[in-house]
>>> print(open('input-v6.cif').read())   # mmCIF, C-alpha atoms
data_upload
#
loop_
_atom_site.label_atom_id
_atom_site.label_comp_id
_atom_site.auth_asym_id
_atom_site.auth_seq_id
_atom_site.Cartn_x
_atom_site.Cartn_y
_atom_site.Cartn_z
CA MET A 1 -9.05 -38.69 81.18
CA ASP A 2 -6.98 -39.61 84.22
CA LYS A 3 -3.35 -38.59 84.57
CA HIS A 4 -2.00 -41.90 83.23
CA THR A 5 -4.16 -41.71 80.09
CA ILE A 6 -3.19 -38.09 79.47
CA GLN A 7 0.50 -38.96 79.75
CA LEU A 8 0.09 -41.97 77.48
CA LYS A 9 -1.68 -39.83 74.89
CA GLU A 10 1.20 -37.35 75.01
CA ALA A 11 3.65 -40.20 74.36
CA LEU A 12 1.54 -41.53 71.48
CA GLU A 13 1.36 -38.07 69.96
CA LYS A 14 5.16 -37.88 70.01
CA LEU A 15 5.29 -41.20 68.17
CA TYR A 16 2.69 -39.97 65.69
CA VAL A 17 4.74 -36.87 64.89
CA LYS A 18 7.93 -38.94 64.68
CA TYR A 19 6.71 -41.72 62.40
CA ASN A 20 3.52 -40.65 60.60
CA ARG A 21 5.38 -39.20 57.64
CA ARG A 22 5.10 -39.93 53.94
CA GLU A 23 8.81 -40.68 53.59
CA LEU A 24 8.52 -43.51 56.13
CA ILE A 25 5.74 -45.40 54.35
CA ARG A 26 8.08 -47.80 52.59
CA PRO A 27 8.20 -50.81 52.95
CA ASP A 28 4.49 -50.65 53.82
CA PRO A 29 2.46 -51.88 50.81
CA LEU A 30 0.53 -48.60 50.96
CA GLN A 31 3.46 -47.14 49.00
CA PHE A 32 2.04 -48.66 45.81
CA ALA A 33 -1.20 -46.67 45.99
CA TYR A 34 0.85 -43.48 45.88
CA ARG A 35 2.18 -44.44 42.46
CA TYR A 36 -1.19 -43.43 41.03
CA SER A 37 -3.17 -40.20 41.00
CA THR A 38 -6.79 -41.03 40.16
CA GLN A 39 -9.26 -42.43 42.69
CA GLY A 40 -10.00 -45.51 40.59
CA ASP A 41 -6.35 -46.46 40.23
CA MET A 42 -5.61 -45.75 43.88
CA GLU A 43 -8.62 -47.71 45.17
CA ILE A 44 -7.64 -50.76 43.16
CA ALA A 45 -3.95 -50.46 44.04
CA ALA A 46 -4.79 -50.18 47.73
CA LEU A 47 -7.18 -53.13 47.74
CA LEU A 48 -4.75 -55.40 45.90
CA ALA A 49 -1.82 -54.24 48.05
CA ALA A 50 -3.76 -54.89 51.25
CA THR A 51 -5.15 -58.28 50.25
CA LEU A 52 -1.68 -59.48 49.23
CA ALA A 53 0.02 -58.07 52.35
CA TYR A 54 0.97 -61.41 53.86
CA GLY A 55 4.38 -63.03 54.07
CA ARG A 56 7.81 -61.40 54.08
CA VAL A 57 7.87 -57.68 53.40
CA GLU A 58 10.48 -58.02 50.64
CA GLN A 59 8.40 -60.64 48.85
CA ILE A 60 5.24 -58.51 49.11
CA GLU A 61 7.06 -55.62 47.41
CA LYS A 62 8.30 -57.89 44.60
CA THR A 63 4.84 -59.38 44.19
CA LEU A 64 3.13 -56.00 43.88
CA ASP A 65 5.77 -54.68 41.49
CA ASN A 66 5.16 -57.75 39.35
CA LEU A 67 1.36 -57.54 39.48
CA PHE A 68 1.03 -53.83 38.79
CA GLY A 69 3.62 -54.08 36.01
CA ARG A 70 1.42 -56.65 34.29
CA MET A 71 -1.66 -54.46 34.66
CA GLY A 72 -0.17 -51.46 32.86
CA LYS A 73 -0.34 -47.73 33.51
CA SER A 74 -4.00 -47.62 34.57
CA LEU A 75 -5.27 -50.27 36.95
CA TYR A 76 -8.77 -48.81 36.55
CA GLU A 77 -8.77 -49.31 32.78
CA PHE A 78 -7.34 -52.81 33.19
CA VAL A 79 -10.21 -53.71 35.52
CA ARG A 80 -12.96 -52.00 33.50
CA ASN A 81 -11.79 -53.85 30.38
CA PHE A 82 -11.11 -57.11 32.17
CA GLY A 83 -11.66 -60.12 29.93
CA SER A 84 -9.89 -63.13 28.47
CA SER A 85 -6.88 -61.10 27.30
CA GLN A 86 -6.31 -59.56 30.74
CA ARG A 87 -6.89 -62.92 32.40
CA GLN A 88 -4.20 -64.49 30.21
CA GLN A 89 -1.71 -61.82 31.33
CA LEU A 90 -2.16 -62.84 34.97
CA LEU A 91 -2.59 -66.61 34.88
CA ASP A 92 1.02 -67.44 35.79
CA PHE A 93 1.12 -64.83 38.59
CA LYS A 94 1.80 -66.24 42.05
CA HIS A 95 2.30 -64.92 45.58
CA ARG A 96 2.77 -67.70 48.09
CA PHE A 97 -0.54 -69.58 47.89
CA THR A 98 -2.36 -66.84 45.94
CA GLU A 99 -2.44 -67.75 42.25
CA GLY A 100 -3.21 -65.82 39.11
CA LYS A 101 -6.67 -67.39 38.96
CA ASP A 102 -7.48 -65.92 42.40
CA ILE A 103 -6.45 -62.41 41.34
CA CYS A 104 -8.44 -62.79 38.12
CA ASP A 105 -11.53 -63.82 40.10
CA LEU A 106 -11.14 -60.74 42.29
CA LEU A 107 -10.62 -58.39 39.33
CA GLU A 108 -13.66 -59.86 37.61
CA LEU A 109 -15.69 -58.97 40.70
CA LEU A 110 -14.22 -55.46 40.78
CA LYS A 111 -15.25 -54.98 37.15
CA LEU A 112 -18.84 -55.76 38.15
CA VAL A 113 -18.52 -53.40 41.14
CA TYR A 114 -17.48 -50.52 38.88
CA GLU A 115 -20.18 -51.31 36.34
CA LYS A 116 -22.88 -51.24 39.02
CA ASN A 117 -21.63 -48.71 41.58
CA ASN A 118 -18.86 -46.71 39.83
CA SER A 119 -16.42 -47.20 42.71
CA ILE A 120 -15.39 -49.62 45.43
CA GLU A 121 -16.41 -46.96 47.93
CA ASN A 122 -20.00 -46.86 46.66
CA HIS A 123 -20.22 -50.64 46.77
CA PHE A 124 -18.95 -50.65 50.36
CA LEU A 125 -21.42 -47.93 51.32
CA SER A 126 -24.32 -50.09 50.13
CA GLY A 127 -23.69 -52.23 53.20
CA TYR A 128 -22.65 -49.46 55.57
CA ASN A 129 -24.93 -48.36 58.39
CA GLU A 130 -24.04 -45.26 60.39
CA ALA A 131 -25.93 -46.73 63.36
CA ASP A 132 -23.48 -49.65 63.66
CA ASP A 133 -21.01 -49.42 66.54
CA ASN A 134 -18.08 -50.09 64.23
CA ILE A 135 -17.15 -51.05 60.69
CA ILE A 136 -17.22 -54.83 61.23
CA SER A 137 -20.74 -55.48 59.98
CA ALA A 138 -20.21 -53.34 56.87
CA LEU A 139 -16.94 -55.13 56.13
CA GLY A 140 -18.72 -58.45 56.49
CA ARG A 141 -21.45 -57.38 54.07
CA PHE A 142 -18.83 -56.14 51.60
CA CYS A 143 -16.90 -59.43 51.54
CA ASP A 144 -19.97 -61.64 51.65
CA SER A 145 -21.63 -59.76 48.80
CA LEU A 146 -18.58 -60.19 46.56
CA LEU A 147 -18.27 -63.89 47.34
CA ALA A 148 -22.01 -64.36 46.76
CA THR A 149 -21.72 -62.61 43.40
CA HIS A 150 -18.93 -65.00 42.41
CA SER A 151 -21.04 -68.00 43.47
CA ALA A 152 -24.05 -66.80 41.52
CA ARG A 153 -21.99 -66.05 38.44
CA HIS A 154 -20.06 -69.32 38.36
CA LYS A 155 -22.57 -71.63 40.04
CA THR A 156 -19.93 -72.87 42.45
CA VAL A 157 -18.45 -72.10 45.85
CA PRO A 158 -15.57 -69.58 45.67
CA GLY A 159 -12.16 -71.19 45.85
CA ARG A 160 -9.90 -71.02 48.87
CA GLY A 161 -7.69 -68.42 47.16
CA LEU A 162 -10.48 -65.89 46.57
CA ARG A 163 -11.92 -66.52 50.03
CA TYR A 164 -8.52 -65.75 51.53
CA LEU A 165 -8.25 -62.47 49.63
CA LEU A 166 -11.74 -61.52 50.86
CA ALA A 167 -11.38 -62.91 54.37
CA GLY A 168 -13.96 -60.80 56.18
CA PRO A 169 -15.24 -61.16 59.74
CA SER A 170 -17.27 -64.29 58.95
CA ALA A 171 -14.03 -66.09 58.03
CA GLY A 172 -13.10 -66.17 61.71
CA GLY A 173 -9.82 -64.23 61.62
CA ALA A 174 -8.89 -60.68 62.59
CA SER A 175 -9.48 -59.35 59.03
CA LYS A 176 -6.19 -57.50 59.44
CA ARG A 177 -5.57 -56.92 55.73
CA LEU A 178 -9.05 -55.57 54.99
CA ASN A 179 -9.08 -53.39 58.11
CA LEU A 180 -5.75 -52.05 56.89
CA PHE A 181 -7.35 -51.23 53.53
CA LEU A 182 -10.17 -49.39 55.30
CA ARG A 183 -7.70 -47.39 57.38
CA TRP A 184 -5.94 -46.30 54.20
CA MET A 185 -9.20 -45.34 52.52
CA VAL A 186 -10.97 -43.55 55.38
CA ARG A 187 -8.26 -41.77 57.37
CA ASP A 188 -6.64 -38.69 55.84
CA ASP A 189 -3.20 -37.55 56.96
CA ASN A 190 0.43 -37.66 55.81
CA VAL A 191 0.24 -41.45 55.50
CA ASP A 192 -3.34 -42.54 54.88
CA LEU A 193 -5.05 -41.76 51.58
CA GLY A 194 -8.40 -40.42 52.83
CA LEU A 195 -10.16 -41.14 49.52
CA TRP A 196 -13.43 -42.23 51.11
CA LYS A 197 -15.31 -39.30 52.62
CA SER A 198 -18.58 -40.93 53.73
CA ILE A 199 -17.37 -43.26 56.48
CA ASP A 200 -16.74 -42.15 60.05
CA LYS A 201 -13.14 -42.93 61.01
CA ALA A 202 -14.34 -43.45 64.59
CA LYS A 203 -15.84 -46.75 63.40
CA LEU A 204 -12.58 -48.20 62.10
CA ILE A 205 -10.97 -51.25 63.72
CA VAL A 206 -7.25 -51.55 64.40
CA PRO A 207 -5.58 -53.79 61.77
CA MET A 208 -4.25 -56.40 64.17
CA ASP A 209 -0.84 -57.65 63.05
CA VAL A 210 1.94 -59.12 65.18
CA HIS A 211 3.53 -55.71 65.86
CA ILE A 212 0.33 -54.01 67.05
CA PHE A 213 -0.63 -57.11 69.05
CA ARG A 214 2.72 -57.12 70.84
CA VAL A 215 2.67 -53.39 71.63
CA SER A 216 -0.97 -53.56 72.74
CA ARG A 217 -0.20 -56.33 75.21
CA MET A 218 2.82 -54.39 76.47
CA LEU A 219 0.57 -51.39 77.13
CA GLY A 220 -2.06 -53.52 78.84
CA PHE A 221 -4.55 -52.84 76.03
CA CYS A 222 -5.08 -56.51 75.23
CA ARG A 223 -5.52 -59.45 77.60
CA ARG A 224 -6.01 -62.06 74.90
CA LYS A 225 -3.20 -64.46 74.04
CA ASN A 226 -3.88 -64.75 70.32
CA ILE A 227 -4.55 -62.39 67.44
CA SER A 228 -8.25 -62.35 66.65
CA LEU A 229 -11.06 -60.00 65.72
CA LYS A 230 -12.08 -59.88 69.39
CA ALA A 231 -8.54 -58.82 70.26
CA ALA A 232 -8.68 -56.12 67.57
CA VAL A 233 -11.97 -54.81 68.97
CA GLU A 234 -10.61 -54.82 72.53
CA VAL A 235 -7.52 -52.87 71.47
CA THR A 236 -9.59 -50.44 69.41
CA GLU A 237 -11.88 -49.76 72.37
CA ASN A 238 -8.85 -48.96 74.53
CA PHE A 239 -7.44 -46.58 71.93
CA ALA A 240 -10.89 -44.98 71.70
CA LYS A 241 -10.55 -43.97 75.35
CA ILE A 242 -7.56 -41.87 74.25
CA GLU A 243 -8.74 -40.75 70.81
CA PRO A 244 -12.49 -41.47 70.54
CA ASP A 245 -12.94 -39.81 67.16
CA ASP A 246 -9.96 -41.60 65.60
CA PRO A 247 -9.07 -44.82 67.46
CA VAL A 248 -6.73 -46.18 64.76
CA LYS A 249 -4.76 -42.93 64.51
CA TYR A 250 -1.63 -44.42 66.07
CA ASP A 251 -1.64 -47.72 64.14
CA PHE A 252 1.01 -46.78 61.57
CA ALA A 253 3.32 -45.15 64.11
CA LEU A 254 3.09 -48.06 66.54
CA SER A 255 3.79 -50.59 63.81
CA ARG A 256 7.02 -48.69 63.04
CA ILE A 257 8.24 -49.59 66.55
CA GLY A 258 8.24 -53.20 65.48
CA ILE A 259 9.34 -52.72 61.86
CA ILE A 260 11.93 -49.96 62.25
CA GLU A 261 12.95 -50.21 65.92
CA GLN A 262 12.60 -54.03 65.89
CA CYS A 263 10.80 -54.18 69.22
CA SER A 264 10.55 -57.83 70.29
CA GLY A 265 8.62 -57.30 73.51
CA ARG A 266 11.71 -57.97 75.60
CA TYR A 267 13.69 -55.29 77.38
CA ARG A 268 16.97 -54.19 75.81
CA PRO A 269 19.12 -51.06 76.21
CA ALA A 270 17.51 -49.45 73.13
CA CYS A 271 14.21 -49.41 75.05
CA GLU A 272 15.53 -46.48 77.11
CA LYS A 273 14.99 -44.22 74.09
CA CYS A 274 11.43 -45.43 73.44
CA GLU A 275 8.61 -42.98 74.09
CA LEU A 276 6.53 -45.81 75.54
CA LEU A 277 9.06 -47.13 78.06
CA GLU A 278 7.29 -45.53 81.00
CA PHE A 279 4.04 -47.30 80.04
CA CYS A 280 5.48 -50.65 78.94
CA LEU A 281 4.40 -53.48 81.25
CA ARG A 282 7.53 -55.42 80.29
CA ARG A 283 10.04 -52.73 81.13
CA GLU A 284 12.98 -53.64 83.33
CA ASN A 285 12.15 -53.29 87.04
#
>>> encode(input="input-v6.cif", output="structure tokens")
Amino acid sequence: MDKHTIQLKEALEKLYVKYNRRELIRPDPLQFAYRYSTQGDMEIAALLAATLAYGRVEQIEKTLDNLFGRMGKSLYEFVRNFGSSQRQQLLDFKHRFTEGKDICDLLELLKLVYEKNNSIENHFLSGYNEADDNIISALGRFCDSLLATHSARHKTVPGRGLRYLLAGPSAGGASKRLNLFLRWMVRDDNVDLGLWKSIDKAKLIVPMDVHIFRVSRMLGFCRRKNISLKAAVEVTENFAKIEPDDPVKYDFALSRIGIIEQCSGRYRPACEKCELLEFCLRREN
């Protein structure tokens, strides 16, 4: 690494130590997975929390409190026993344009996943290839297989709501919420769960939200003007130059700059205390 990259890595490590702590997870929806202790409960909590992580943070928290309250003490048992009674409990659920029917369709698919593969991890691994450059193809196979199962089971095209919850690479977006889920599952530190042991964290893709997009452009890691999967790949490749074995390592810490420090991308006096000021392309001249 050249001198600039070494210095940037040192700054990122300071941010990692500063922010990558369990007590700083809230209001991140990952907090809900830590309410549970078994892998089945935590997998389901994490997937639902990630897929519903859109909109205002406060509303996401209320939504997940509501949903998990309806599902009882064990999400795993709720899913394994999913039927008409469980469906009735969720039909009037709503989060923005996600309705109870959409969540029921997803839980029905998860029931089939557990019946066939015993875990979401095993189902994901059925489409995972270690030879792939990154996780994108496996994520696509995961989402497409679930949507195809729904189509075959109901003899109809999946509704917009379910397709949004399972918006993989073929949907055309950045797949931010599902890449976030994979980060939680695969990485293992004070923040991320690390429940999945068979996937190489070097293949993960940065979950591209507005905060990471802004910081990445400020660091010169992204030349694109809009959030997209291509932008996420470009940013991931730049982080891989710093941390090749763990390119999404700094994702949580960098998102805190936007969420906690309220970085807007414009210089202000508070920027003088930021570890990244020296590397920020928008710093005051």
>>> resolve_selection(input="input-v6.cif", expression="the PyMOL selection byres ((chain A and resi 14-28) around 8)", output="VMD selection string")
chain A and resid 10 to 13 29 to 31 57 to 58 61 190 to 191 250 252 to 254 256 275
>>> closest_residue(input="input-v6.cif", among="A:Gly55, A:Gly194, A:Gly72, A:Pro207", to="Ala174 (chain A)", atoms="all atoms listed in the file")
A:Pro207
>>> resolve_selection(input="input-v6.cif", expression="the PyMOL selection byres ((chain A and resi 70) around 12)", output="ChimeraX atom specification")
/A:63-69,71-75,78,85-93,100
>>> residues_around(input="input-v6.cif", residues="Asp133 (chain A)", least_positions_apart="3", cutoff="12 Å", atoms="only C-alpha atoms", output="number ranges by chain")
A: 128-130, 136-138, 200-205, 233, 236-237
>>> resolve_selection(input="input-v6.cif", expression="the PyMOL selection byres ((chain A and resi 39-47) around 10)", output="count of residues only")
44
>>> closest_residue(input="input-v6.cif", among="A:Thr149, A:Arg217, A:Leu229, A:His95", to="Ala167 (chain A)", atoms="all atoms listed in the file")
A:Leu229
>>> atom_distance(input="input-v6.cif", atom1="CA of Pro269 (chain A)", atom2="CA of Gly220 (chain A)")
21.5 Å
>>> closest_residue(input="input-v6.cif", among="A:His211, A:Phe221, A:Gly127, A:Leu147", to="Lys241 (chain A)", atoms="all atoms listed in the file")
A:Phe221
>>> closest_residue(input="input-v6.cif", among="A:Asn117, A:Ser84, A:Gln59, A:Ser216", to="Arg96 (chain A)", atoms="all atoms listed in the file")
A:Gln59
>>> residues_near_point(input="input-v6.cif", point="(-16.8, -63.9, 60.1)", cutoff="12 Å", atoms="all atoms listed in the file", output="mmCIF file with C-alpha atoms, in the coordinates of the input")
data_model
loop_
_atom_site.group_PDB
_atom_site.id
_atom_site.type_symbol
_atom_site.label_atom_id
_atom_site.label_comp_id
_atom_site.auth_asym_id
_atom_site.auth_seq_id
_atom_site.Cartn_x
_atom_site.Cartn_y
_atom_site.Cartn_z
ATOM 1 C CA ILE A 136 -17.220 -54.830 61.230
ATOM 2 C CA SER A 137 -20.740 -55.480 59.980
ATOM 3 C CA ALA A 138 -20.210 -53.340 56.870
ATOM 4 C CA LEU A 139 -16.940 -55.130 56.130
ATOM 5 C CA GLY A 140 -18.720 -58.450 56.490
ATOM 6 C CA ARG A 141 -21.450 -57.380 54.070
ATOM 7 C CA PHE A 142 -18.830 -56.140 51.600
ATOM 8 C CA CYS A 143 -16.900 -59.430 51.540
ATOM 9 C CA ASP A 144 -19.970 -61.640 51.650
ATOM 10 C CA ARG A 163 -11.920 -66.520 50.030
ATOM 11 C CA LEU A 166 -11.740 -61.520 50.860
ATOM 12 C CA ALA A 167 -11.380 -62.910 54.370
ATOM 13 C CA GLY A 168 -13.960 -60.800 56.180
ATOM 14 C CA PRO A 169 -15.240 -61.160 59.740
ATOM 15 C CA SER A 170 -17.270 -64.290 58.950
ATOM 16 C CA ALA A 171 -14.030 -66.090 58.030
ATOM 17 C CA GLY A 172 -13.100 -66.170 61.710
ATOM 18 C CA GLY A 173 -9.820 -64.230 61.620
ATOM 19 C CA ALA A 174 -8.890 -60.680 62.590
ATOM 20 C CA SER A 175 -9.480 -59.350 59.030
ATOM 21 C CA SER A 228 -8.250 -62.350 66.650
ATOM 22 C CA LEU A 229 -11.060 -60.000 65.720
ATOM 23 C CA LYS A 230 -12.080 -59.880 69.390
#
